[in-house]
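To start, the structure under review is shown below, and the notes come after it.
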Amino acid sequence: MELFTAEFTQTLPLLGMFIVCLFLSHFLLKPIKVLSESALKRTSPLDGLRGILALSVLVHHFYITYMWKTGIGWIPPSIDYLNNLGTMSVSFFFLITAFLFLSKINDNAKQQTTNNKQQTTNNKQQTTINWKILFKSRFKRILPMYFFIVMAITIITVNIIPTESYNKSQLFHFLQRWLLFQGTDLAGFHAGFIISHVQWTLIYEWGFYFSLPAIYVLWQQRKAPIILVITTIFIAYFCIHNTVSHMYWLFALALPSVVLKEPLKLFVEKYNKYLHPVMLLIFIYTFFYTKGYSAEQMICTASLFSFISNGYSFGGILNTMGLRKLGEISFSLYLSHGIFLYLFFSILNIYDFNTNNFSEYMHYFPFVFFISVASSLITYKLIERPFLAK
């Protein structure tokens, strides 16, 4: 790839705007109470990383919106770094999910081994994962905000298209598909544009969640409730059947960061300063030169993640309070930013795309950025946090 093309240099200022907006967010979010007590006690770089990832997806869709509105179509950007703002972010999100939940299984296995060593053969304490609590936590984390977004999509859709163009059966099918994270059109109206089609990643997440009991059985070579295993395998099959199977490699690639957790943590602590140039070079190469969701990109992203998940924070950047707060509201940011892109550029039409001037269009990015952040603070406090606290 020839890196410094005219298109590349034209769009690079957008990346600069993004970095400046992130920097300003750090200061603007300081007086705002967002983090829970448990989140304040954590020092994981993953918290700050989530904030960057959600807003990187916003940049990605901001550019694709321009392509779509100027007649090119809703397609991956031809410039690798603009496409990788989306693909690498989703990859990191999948890796984070796998790391957190595979760590639970791995820690549980270690605890069981410890118990077995400490107790007699006739008096072994069986430790197991509380699957009811695990799945309940996932429902509370994802469904309230997602249902709110589906409600917003439905309201916008039925107010745009004529009532006589669809019937109750079609509307029910529309809602059913959206509630199953698949999305669909209504009377020819492409409702997915309202949220920049972000719902597609959630079915992968659920495919992984419902695979966990089977993974637990294989990993620990122990029994789990047979009804639970059969039910979750059935649901996982439905999810995987409706998705692209090679994407699940991203969940599998989190395994090194889980099974090598202790040595990786020690390595990061001992050689932290020597990791800076290596991590930076791997990131630059992956970000600017790899193709979205290629095997090369997946391996490079997983390599970066192995160190980040075990304490590497790019010199403390990922542990800054502003990024941690953005990470706390990252799910709201991820789901809702598309609504503002659609509202501003398809309903209110605040920019005339007939001018076909990307430099002018870029000036709207800070406005969309801070509106999305402010809105996500509200939805997090009013929708997400109340359910998480239950």
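Labeling convention for the structure tokens: chains A, B, ... as they appear, residues from 1 per chain, ligands from 1 in order of appearance.
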Could you give me, as JSON lines, a per-residue list for region 143-240 of chain A showing, wherever an atom lies at most 10 Å from an atom of region 249-263 of chain A, the closest pair of atoms and their distance in Å to one decimal, using only C-alpha atoms and sorting by chain then residue number from low to high?
{"residue": "A:Tyr204", "atom": "CA", "partner": "A:Phe251", "partner_atom": "CA", "distance": 9.6}
{"residue": "A:Glu205", "atom": "CA", "partner": "A:Phe251", "partner_atom": "CA", "distance": 9.2}
{"residue": "A:Phe208", "atom": "CA", "partner": "A:Phe251", "partner_atom": "CA", "distance": 7.7}
Keeping only N, CA, C and O atoms, write the selected residues to a file as a PDB file, in the first residue's frame.
ATOM      1  N   TYR A 204     -22.670 -11.729  18.045  1.00  0.00           N
ATOM      2  CA  TYR A 204     -21.416 -12.449  18.275  1.00  0.00           C
ATOM      3  C   TYR A 204     -21.143 -12.558  19.778  1.00  0.00           C
ATOM      4  O   TYR A 204     -20.691 -13.605  20.260  1.00  0.00           O
ATOM      5  N   GLU A 205     -21.386 -11.461  20.481  1.00  0.00           N
ATOM      6  CA  GLU A 205     -21.183 -11.476  21.931  1.00  0.00           C
ATOM      7  C   GLU A 205     -22.066 -12.533  22.578  1.00  0.00           C
ATOM      8  O   GLU A 205     -21.606 -13.310  23.430  1.00  0.00           O
ATOM      9  N   PHE A 208     -20.920 -16.037  22.025  1.00  0.00           N
ATOM     10  CA  PHE A 208     -19.835 -16.394  22.936  1.00  0.00           C
ATOM     11  C   PHE A 208     -20.372 -16.667  24.343  1.00  0.00           C
ATOM     12  O   PHE A 208     -20.003 -17.665  24.969  1.00  0.00           O
TER      13      PHE A 208
END
Exercise: Ile79 (chain A) partners within 7 Å, only C-alpha atoms, chain neighbours under 3 positions left out, as a compact mmCIF listing (two decimals) with C-alpha atoms, in the first residue's frame:
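Result went into result_37.txt, see below:
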# COMPACT_ATOMS: atom_id res chain seq x y z
CA PHE A 8 -4.92 9.77 3.13
CA LEU A 82 -10.09 4.72 8.64
CA ASN A 83 -11.42 1.20 8.23
Exercise for the section: Go through A:Phe94, A:Tyr361, A:Phe27, A:Phe367 one by one, measure the shortest atom-to-atom distance of each to Met67 (chain A) using only C-alpha atoms, and give the residue with the smallest value. Expected result: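 Closest to Met67 (chain A) of all the choices is A:Tyr361.
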Practice task
Write out as a PyMOL selection string the residues lying within 12 Å of Leu382 (chain A), counting only C-alpha atoms and excluding same-chain residues fewer than 2 positions away.
Solution key: chain A and resi 34+144-145+148+329+332+375-380+384-389
Practice task
Could you give me the residues within region 99-244 of chain A that DSSP places in helix (DSSP H, G or I), as number ranges by chain?
Solution key: A: 99-118, 121-123, 131-160, 163-165, 168-179, 191-195, 200-209, 212-220, 226-241
Handout entry: 12 Å contact set for Ala374 (chain A), only C-alpha atoms, chain neighbours under 5 positions out, as a VMD selection string
Key = chain A and resid 25 28 to 29 32 34 325 to 326 329 to 330 332 to 333 336 to 337 340 367 to 369 379 to 381
Handout entry: region 101-105 of chain A surroundings by only C-alpha atoms, 7 Å radius, close-in-sequence under 3 positions cut, as a PyMOL selection string
Key = chain A and resi 97-98+108-109+216+258
Practice task
Find the residues near region 168-181 of chain A: any atom within 8 Å, counting only C-alpha atoms, skip ones fewer than 6 places away on the same chain, and give them as a ChimeraX atom specification.
Solution key: /A:147,150,154,199-200,202-203
